[in-house]
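Source file: work.csv; contents: CSV, C-alpha atoms and all ligand atoms.
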```csv
chain,number,residue,atom,x,y,z
A,1,MET,CA,16.9,-9.3,3.1
A,2,PRO,CA,20.6,-8.4,3.3
A,3,ARG,CA,21.4,-5.6,5.8
A,4,GLN,CA,21.4,-2.2,4.2
A,5,PRO,CA,25.0,-0.8,3.9
A,6,PRO,CA,25.2,2.7,5.3
A,7,TRP,CA,26.2,4.4,2.1
A,8,LEU,CA,23.1,3.4,0.1
A,9,ASN,CA,19.6,4.7,0.6
A,10,ARG,CA,16.7,2.3,0.7
A,11,ARG,CA,15.8,2.6,-3.0
A,12,GLN,CA,19.4,2.2,-4.2
A,13,PHE,CA,19.8,-0.7,-1.9
A,14,LEU,CA,16.7,-2.5,-3.1
A,15,GLY,CA,18.0,-2.0,-6.6
A,16,LEU,CA,21.3,-3.4,-5.8
A,17,ALA,CA,19.9,-6.3,-3.9
A,18,TYR,CA,17.7,-7.3,-6.8
A,19,SER,CA,20.1,-6.6,-9.6
A,20,SER,CA,21.5,-9.6,-11.4
A,21,GLY,CA,23.9,-11.8,-9.7
A,22,SER,CA,26.5,-11.4,-12.4
A,23,SER,CA,26.7,-7.7,-12.0
A,24,LEU,CA,27.5,-7.9,-8.3
A,25,LEU,CA,29.4,-11.1,-8.1
A,26,LEU,CA,32.0,-10.8,-10.8
A,27,GLY,CA,35.7,-11.3,-9.8
A,28,GLY,CA,37.7,-8.8,-7.9
A,29,CYS,CA,38.9,-7.8,-4.5
A,30,ALA,CA,35.7,-7.6,-2.6
A,31,LEU,CA,34.4,-10.8,-4.1
A,32,ASN,CA,37.7,-12.6,-3.7
A,33,ARG,CA,37.9,-11.6,-0.1
A,34,PHE,CA,34.3,-12.7,0.3
A,35,SER,CA,34.6,-16.0,-1.5
A,36,GLU,CA,37.8,-16.9,0.3
A,37,GLY,CA,36.0,-16.3,3.6
A,38,VAL,CA,32.4,-17.2,3.7
A,39,GLY,CA,31.2,-17.7,0.2
A,40,ASN,CA,30.6,-20.6,-2.0
A,41,ALA,CA,28.7,-21.0,-5.2
A,42,THR,CA,25.8,-23.0,-3.6
A,43,GLN,CA,24.9,-20.2,-1.2
A,44,PRO,CA,21.6,-18.4,-2.0
A,45,LEU,CA,22.2,-15.2,-3.9
A,46,ASN,CA,20.8,-13.0,-1.1
A,47,GLU,CA,23.2,-14.5,1.4
A,48,ARG,CA,26.1,-14.0,-0.9
A,49,ILE,CA,25.2,-10.3,-1.4
A,50,GLU,CA,24.8,-9.9,2.3
A,51,ALA,CA,28.3,-11.2,3.0
A,52,LEU,CA,29.7,-9.2,0.2
A,53,LEU,CA,28.2,-5.9,1.4
A,54,GLN,CA,29.1,-6.6,5.1
A,55,GLY,CA,32.6,-7.5,4.2
A,56,LYS,CA,33.2,-4.4,2.2
A,57,GLY,CA,33.7,-1.7,4.8
A,58,LYS,CA,35.8,1.3,4.4
A,59,VAL,CA,39.5,0.9,3.6
A,60,PRO,CA,41.8,2.3,6.3
A,61,GLU,CA,43.1,5.6,5.4
A,62,PHE,CA,46.5,7.2,5.8
A,63,ARG,CA,47.4,10.3,7.8
A,64,ARG,CA,47.7,13.5,5.9
A,65,ASP,CA,51.4,13.8,6.8
A,66,GLN,CA,52.1,10.4,5.2
A,67,VAL,CA,51.5,11.9,1.7
A,68,ASP,CA,54.5,11.9,-0.5
A,69,PRO,CA,53.8,14.4,-3.2
A,70,GLY,CA,56.8,13.3,-5.3
A,71,ALA,CA,55.8,9.6,-5.4
A,72,LEU,CA,52.8,10.1,-7.7
A,73,LEU,CA,54.1,9.7,-11.2
A,74,VAL,CA,52.1,11.1,-14.1
A,75,ASN,CA,50.7,8.4,-16.2
A,76,SER,CA,48.8,9.5,-19.3
A,77,PHE,CA,48.4,7.5,-22.5
A,78,ASN,CA,47.0,10.1,-24.8
A,79,GLY,CA,48.3,13.6,-24.1
A,80,MET,CA,46.9,16.1,-21.6
A,81,PRO,CA,43.6,17.7,-22.4
A,82,ARG,CA,43.1,21.2,-21.0
A,83,LEU,CA,39.5,21.6,-20.0
A,84,ASP,CA,38.1,25.1,-19.5
A,85,PRO,CA,36.8,25.1,-15.9
A,86,ALA,CA,34.1,27.7,-16.9
A,87,ARG,CA,32.7,25.5,-19.6
A,88,TYR,CA,33.3,22.2,-18.0
A,89,ARG,CA,30.2,19.9,-17.7
A,90,LEU,CA,30.0,16.4,-16.3
A,91,ARG,CA,27.3,14.5,-18.1
A,92,VAL,CA,25.4,11.9,-16.1
A,93,GLU,CA,23.2,9.8,-18.3
A,94,GLY,CA,22.0,6.3,-19.2
A,95,LEU,CA,19.8,4.4,-16.8
A,96,VAL,CA,19.0,7.4,-14.6
A,97,ARG,CA,15.7,9.1,-13.8
A,98,GLN,CA,17.1,12.6,-14.5
A,99,PRO,CA,20.1,13.0,-16.8
A,100,LEU,CA,22.4,15.8,-15.6
A,101,GLN,CA,25.0,18.2,-16.8
A,102,LEU,CA,26.9,19.3,-13.7
A,103,ASN,CA,29.2,22.3,-13.7
A,104,LEU,CA,32.0,22.8,-11.2
A,105,ALA,CA,29.7,24.9,-8.9
A,106,ASP,CA,27.2,22.1,-8.9
A,107,LEU,CA,29.9,19.7,-7.7
A,108,ALA,CA,31.1,22.2,-5.2
A,109,ALA,CA,27.6,22.4,-3.7
A,110,LEU,CA,27.6,18.7,-2.9
A,111,PRO,CA,29.0,17.5,0.4
A,112,GLN,CA,32.8,17.6,0.2
A,113,GLN,CA,34.9,14.6,1.2
A,114,GLU,CA,38.6,14.1,1.8
A,115,ILE,CA,40.5,10.8,1.7
A,116,THR,CA,44.2,10.0,2.1
A,117,ILE,CA,44.8,6.7,0.3
A,118,ARG,CA,47.4,4.7,-1.6
A,119,HIS,CA,47.3,5.0,-5.4
A,120,VAL,CA,48.6,1.8,-7.0
A,121,CYS,CA,49.7,1.6,-10.6
A,122,VAL,CA,49.9,-1.8,-12.2
A,123,GLU,CA,53.2,-0.7,-13.7
A,124,GLY,CA,54.9,-1.1,-10.4
A,125,TRP,CA,54.7,2.1,-8.4
A,126,ALA,CA,52.5,3.5,-5.7
A,127,ALA,CA,51.9,6.7,-3.9
A,128,ILE,CA,50.0,8.0,-0.9
A,129,VAL,CA,47.8,10.8,-2.0
A,130,ASN,CA,45.2,13.1,-0.4
A,131,TRP,CA,42.2,13.7,-2.6
A,132,SER,CA,39.2,15.9,-2.0
A,133,GLY,CA,35.9,16.1,-3.9
A,134,VAL,CA,32.5,14.5,-3.9
A,135,ARG,CA,31.3,11.0,-3.6
A,136,LEU,CA,30.5,9.4,-6.9
A,137,ALA,CA,27.6,7.8,-5.1
A,138,ASP,CA,26.2,11.3,-4.3
A,139,VAL,CA,26.3,12.3,-8.0
A,140,LEU,CA,24.7,9.0,-9.1
A,141,ALA,CA,22.0,9.5,-6.4
A,142,LEU,CA,21.3,13.0,-7.6
A,143,ALA,CA,20.6,11.6,-11.1
A,144,GLY,CA,18.5,8.8,-9.6
A,145,PHE,CA,20.2,5.8,-11.1
A,146,SER,CA,18.0,2.8,-11.9
A,147,SER,CA,18.4,-0.6,-10.3
A,148,LEU,CA,18.8,-2.1,-13.7
A,149,GLY,CA,22.2,-0.3,-14.0
A,150,GLY,CA,24.7,-2.8,-13.0
A,151,TYR,CA,27.7,-0.9,-14.4
A,152,LEU,CA,29.0,2.6,-15.0
A,153,ALA,CA,30.8,3.7,-18.2
A,154,ILE,CA,33.3,6.6,-17.6
A,155,GLU,CA,34.4,8.8,-20.5
A,156,SER,CA,37.4,11.1,-20.4
A,157,ALA,CA,38.4,14.1,-22.5
A,158,ASP,CA,41.5,12.3,-23.8
A,159,GLN,CA,39.4,9.4,-25.1
A,160,PHE,CA,40.4,7.2,-22.1
A,161,PHE,CA,37.5,5.0,-21.2
A,162,THR,CA,36.7,2.5,-18.4
A,163,THR,CA,33.8,0.7,-16.9
A,164,TRP,CA,33.1,-0.1,-13.3
A,165,ASP,CA,30.7,-2.4,-11.5
A,166,ILE,CA,28.1,-0.2,-9.8
A,167,THR,CA,28.9,-1.5,-6.3
A,168,SER,CA,32.4,-0.2,-6.5
A,169,ALA,CA,31.1,3.1,-7.9
A,170,LEU,CA,28.8,3.5,-4.9
A,171,HIS,CA,31.6,2.7,-2.4
A,172,PRO,CA,31.8,5.6,0.1
A,173,GLN,CA,35.5,6.1,-0.6
A,174,THR,CA,35.1,6.4,-4.4
A,175,LEU,CA,35.4,10.1,-5.2
A,176,LEU,CA,35.1,12.4,-8.1
A,177,ALA,CA,38.2,14.4,-7.0
A,178,THR,CA,38.6,18.1,-7.7
A,179,GLY,CA,41.5,18.6,-5.2
A,180,MET,CA,44.8,16.9,-4.6
A,181,ASN,CA,47.1,17.2,-1.6
A,182,GLY,CA,45.3,20.3,-0.4
A,183,ALA,CA,45.4,22.2,-3.7
A,184,PRO,CA,43.2,22.3,-6.8
A,185,LEU,CA,43.7,19.2,-8.9
A,186,PRO,CA,46.6,19.8,-11.3
A,187,VAL,CA,45.9,19.5,-15.0
A,188,VAL,CA,48.4,16.6,-15.4
A,189,ASN,CA,46.5,14.7,-12.7
A,190,GLY,CA,43.1,15.1,-14.4
A,191,ALA,CA,41.7,18.6,-13.7
A,192,PRO,CA,39.1,19.6,-13.3
A,193,VAL,CA,37.6,16.2,-12.2
A,194,ARG,CA,39.1,12.7,-11.8
A,195,LEU,CA,38.2,9.5,-10.1
A,196,ALA,CA,40.0,8.5,-6.8
A,197,SER,CA,39.4,5.4,-4.8
A,198,PRO,CA,41.3,3.0,-2.6
A,199,ILE,CA,39.5,0.0,-4.0
A,200,LYS,CA,40.7,0.0,-7.6
A,201,LEU,CA,44.1,0.0,-9.5
A,202,GLY,CA,45.3,3.2,-11.1
A,203,TYR,CA,44.0,2.4,-14.6
A,204,LYS,CA,40.4,2.4,-13.4
A,205,LEU,CA,40.9,5.9,-11.9
A,206,SER,CA,40.0,8.1,-14.9
A,207,LYS,CA,41.4,11.6,-15.2
A,208,TRP,CA,39.6,14.5,-17.0
A,209,VAL,CA,36.2,12.7,-16.5
A,210,THR,CA,33.5,14.2,-18.8
A,211,GLY,CA,30.8,11.6,-18.8
A,212,LEU,CA,29.2,9.0,-16.6
A,213,GLU,CA,26.7,6.5,-18.2
A,214,VAL,CA,24.8,4.0,-16.1
A,215,ILE,CA,24.5,0.9,-18.2
A,216,PRO,CA,22.8,-2.5,-17.8
A,217,SER,CA,25.6,-4.7,-19.0
A,218,LEU,CA,29.1,-4.8,-20.2
A,219,ASP,CA,30.0,-4.6,-23.9
A,220,SER,CA,32.5,-7.4,-24.2
A,221,LEU,CA,34.4,-5.5,-26.9
A,222,ARG,CA,34.4,-2.1,-25.1
A,223,ARG,CA,35.2,-2.5,-21.4
A,224,GLY,CA,38.0,0.0,-21.1
A,225,THR,CA,41.1,1.4,-22.7
A,226,TRP,CA,43.5,-0.8,-20.7
A,227,GLU,CA,41.0,-3.6,-20.1
A,228,ASP,CA,40.5,-4.2,-23.8
A,229,ASN,CA,44.2,-4.6,-24.1
A,230,GLY,CA,44.4,-7.5,-21.7
A,231,TYR,CA,44.3,-5.8,-18.3
A,232,GLU,CA,42.0,-7.3,-15.7
A,233,TRP,CA,38.6,-5.7,-15.7
A,234,PHE,CA,37.7,-5.6,-12.0
A,235,ALA,CA,41.2,-4.4,-11.0
A,236,GLY,CA,40.4,-4.5,-7.3
A,237,LEU,CA,42.9,-3.6,-4.6
A,301,LIG,N1,42.0,10.0,-18.8
A,301,LIG,C1,43.0,9.2,-18.3
A,301,LIG,N2,42.9,8.7,-17.1
A,301,LIG,C2,43.9,8.0,-16.6
A,301,LIG,C3,45.0,7.6,-17.4
A,301,LIG,C4,45.1,8.1,-18.7
A,301,LIG,O1,46.0,7.9,-19.5
A,301,LIG,N3,44.0,8.9,-19.1
A,301,LIG,N4,46.0,6.8,-16.8
A,301,LIG,C5,45.6,5.9,-15.7
A,301,LIG,C6,46.7,5.3,-15.0
A,301,LIG,S1,47.4,3.9,-15.7
A,301,LIG,C7,47.1,5.7,-13.8
A,301,LIG,S2,48.3,4.9,-12.9
A,301,LIG,C8,46.6,7.0,-13.2
A,301,LIG,C9,47.8,8.0,-13.0
A,301,LIG,O2,47.3,9.1,-12.4
A,301,LIG,P1,48.3,10.3,-12.2
A,301,LIG,O3,48.8,10.7,-13.6
A,301,LIG,O4,47.5,11.4,-11.6
A,301,LIG,O5,49.4,9.9,-11.4
A,301,LIG,O6,45.7,7.6,-14.0
A,301,LIG,C10,44.8,6.8,-14.7
A,301,LIG,N5,43.8,7.5,-15.3
A,302,MO,MO,48.6,2.9,-14.0
```
For the structure just supplied, provide its representation as structure tokens.
Amino acid sequence: MPRQPPWLNRRQFLGLAYSSGSSLLLGGCALNRFSEGVGNATQPLNERIEALLQGKGKVPEFRRDQVDPGALLVNSFNGMPRLDPARYRLRVEGLVRQPLQLNLADLAALPQQEITIRHVCVEGWAAIVNWSGVRLADVLALAGFSSLGGYLAIESADQFFTTWDITSALHPQTLLATGMNGAPLPVVNGAPVRLASPIKLGYKLSKWVTGLEVIPSLDSLRRGTWEDNGYEWFAGL
């Protein structure tokens, strides 16, 4: 068996280890790094997964004083939804043992994390940002996601849509952020809840997240707002 990465519990790990090769081994940063290094197509699947998991540690973070608040440009393709915090619910559904509707107090009750990372937009700008919130992995674990769920579909209030591989979703630095640079997340940046992660390009980091659906496979015609318009699906950094 591959060694268990620290951010997965035993059941999640077994699910990952036995989920289909295609879901774990699609293109992208972790895989590219992996395949350039130790991997080749003739390696047994378990060995490839082991290398992938071991090679995918935490991305080094920046210091809090390296944040440049002015560098983060607002990039929204379809207006700016104003979600009422009191009525906000995050739906977690699909291949889960227990579908959830979490309010902001539910999210605040989970362990709070903070990361200072670089946000990179494919349009040619980047910004160091401090994000706070909960691990996406903790929310998925709360719902008890199935090992058959190789992907996560993410719905936003502005109809923005994207899909992630479950491995990237479970990465310990992938957050559902409710705070930015030490303050509550501003509406323009996705309040009350957005994705933040140092392992994906900006167009995978949904703002105004309202729904998470664990799905078994990708719909080739509906992989994401930007992805369906020619942008690369994995979009790893
Ligand atoms: N819901 C939603 N999320 C989104 C977008 C969007 O238009 N709608 N734009 C994406 C892009 S391309 C980038 S670079 C970042 C920008 O985040 P910011 O506006 O907080 O800087 O949000 C991403 N998430
Ligand atoms: Mo972007």
(request) Have a look at atom CA of A:Leu95 and atom CA of A:Tyr151 and let me know their distance in Å, one decimal. (result)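 Separation of atom CA of A:Leu95 and atom CA of A:Tyr151: 9.8 Å.
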(request) Give me, please, the distance in Å between atom CA of A:Gly182 and atom CA of A:Gly70, quoted to one decimal. (result)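 So the answer is 14.3 Å.
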(message) Show me which residues line ligand MO 302 (chain A), defined as having an atom within 8 Å of a ligand atom where all atoms listed in the file count, and present them as an MDAnalysis selection string.
(response) chainID A and resid 75 120:123 201:203
(message) Nearest residue to ligand LIG 301 (chain A) out of A:Glu114, A:Glu227, A:Glu61, A:Asp106, using all atoms listed in the file?
(response) A:Glu227
(request) Kindly provide, as an MDAnalysis selection string, all nucleotide and amino acid residues lying within 8 Å of ligand LIG 301 (chain A), counting only C-alpha atoms and all ligand atoms. (result) chainID A and resid 72:79 119:123 155:161 188:190 194:195 201:209 226
Pull C-alpha atoms from the residues just selected and write them as a tab-separated table (two decimals), in the coordinates of the input.
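Everything below was put into part38.tsv:
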```tsv
chain	number	residue	atom	x	y	z
A	72	LEU	CA	52.80	10.10	-7.70
A	73	LEU	CA	54.10	9.70	-11.20
A	74	VAL	CA	52.10	11.10	-14.10
A	75	ASN	CA	50.70	8.40	-16.20
A	76	SER	CA	48.80	9.50	-19.30
A	77	PHE	CA	48.40	7.50	-22.50
A	78	ASN	CA	47.00	10.10	-24.80
A	79	GLY	CA	48.30	13.60	-24.10
A	119	HIS	CA	47.30	5.00	-5.40
A	120	VAL	CA	48.60	1.80	-7.00
A	121	CYS	CA	49.70	1.60	-10.60
A	122	VAL	CA	49.90	-1.80	-12.20
A	123	GLU	CA	53.20	-0.70	-13.70
A	155	GLU	CA	34.40	8.80	-20.50
A	156	SER	CA	37.40	11.10	-20.40
A	157	ALA	CA	38.40	14.10	-22.50
A	158	ASP	CA	41.50	12.30	-23.80
A	159	GLN	CA	39.40	9.40	-25.10
A	160	PHE	CA	40.40	7.20	-22.10
A	161	PHE	CA	37.50	5.00	-21.20
A	188	VAL	CA	48.40	16.60	-15.40
A	189	ASN	CA	46.50	14.70	-12.70
A	190	GLY	CA	43.10	15.10	-14.40
A	194	ARG	CA	39.10	12.70	-11.80
A	195	LEU	CA	38.20	9.50	-10.10
A	201	LEU	CA	44.10	0.00	-9.50
A	202	GLY	CA	45.30	3.20	-11.10
A	203	TYR	CA	44.00	2.40	-14.60
A	204	LYS	CA	40.40	2.40	-13.40
A	205	LEU	CA	40.90	5.90	-11.90
A	206	SER	CA	40.00	8.10	-14.90
A	207	LYS	CA	41.40	11.60	-15.20
A	208	TRP	CA	39.60	14.50	-17.00
A	209	VAL	CA	36.20	12.70	-16.50
A	226	TRP	CA	43.50	-0.80	-20.70
```
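Note that atom CA of A:Gln173 and atom CA of A:Ile115 are 7.2 Å apart.
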(message) For a quick check of understanding, using only C-alpha atoms, which of A:Ser220, A:Asn181, A:Thr163, A:Asn103 has the smallest distance to A:Lys200?
(response) A:Thr163
(message) If we count all atoms listed in the file and set the cut-off at 10 Å, which residues sit around A:Phe62, ignoring sequence neighbours fewer than 3 positions away in its own chain? Please answer as a ChimeraX atom specification.
(response) /A:59,65-67,115-118,128-130
(request) Have a look at A:Pro184, A:Pro216, A:Arg82, A:Thr225 and name the one nearest to A:Leu148; count all atoms listed in the file. (result)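 When distances to A:Leu148 are compared using all atoms listed in the file, the smallest one comes from A:Pro216.
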(message) Give me the residues near A:Arg135 as number ranges by chain, where near means some atom within 10 Å (using only C-alpha atoms) and where sequence neighbours in that chain fewer than 3 positions away do not count.
(response) A: 107, 110-114, 132, 138-141, 169-177, 195-197
(request) Enumerate, as a PyMOL selection string, the protein, DNA and RNA residues whose atoms approach (19.5, -0.4, -13.8) to within 9 Å, taking into account only C-alpha atoms and the coordinate frame of the file. (result) chain A and resi 15-16+19+94-96+145-151+214-216
(message) With distances taken over all atoms listed in the file, which residue among A:Ala105, A:Val134, A:Ala143, A:Ala126 lies nearest A:Thr178?
(response)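 The closest residue to A:Thr178 is A:Val134.
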(message) I need the residue nearest A:Gly144 from this list: A:Ala108, A:Val187, A:Val92, A:Leu83. Use all atoms listed in the file for the distance.
(response)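 Among the listed residues, the smallest separation from A:Gly144 belongs to A:Val92.
For the set A:Arg89, A:Pro81, A:Leu185, A:Arg223, the residue with the smallest atom-to-atom gap to A:Trp164 is A:Arg223, counting only C-alpha atoms.
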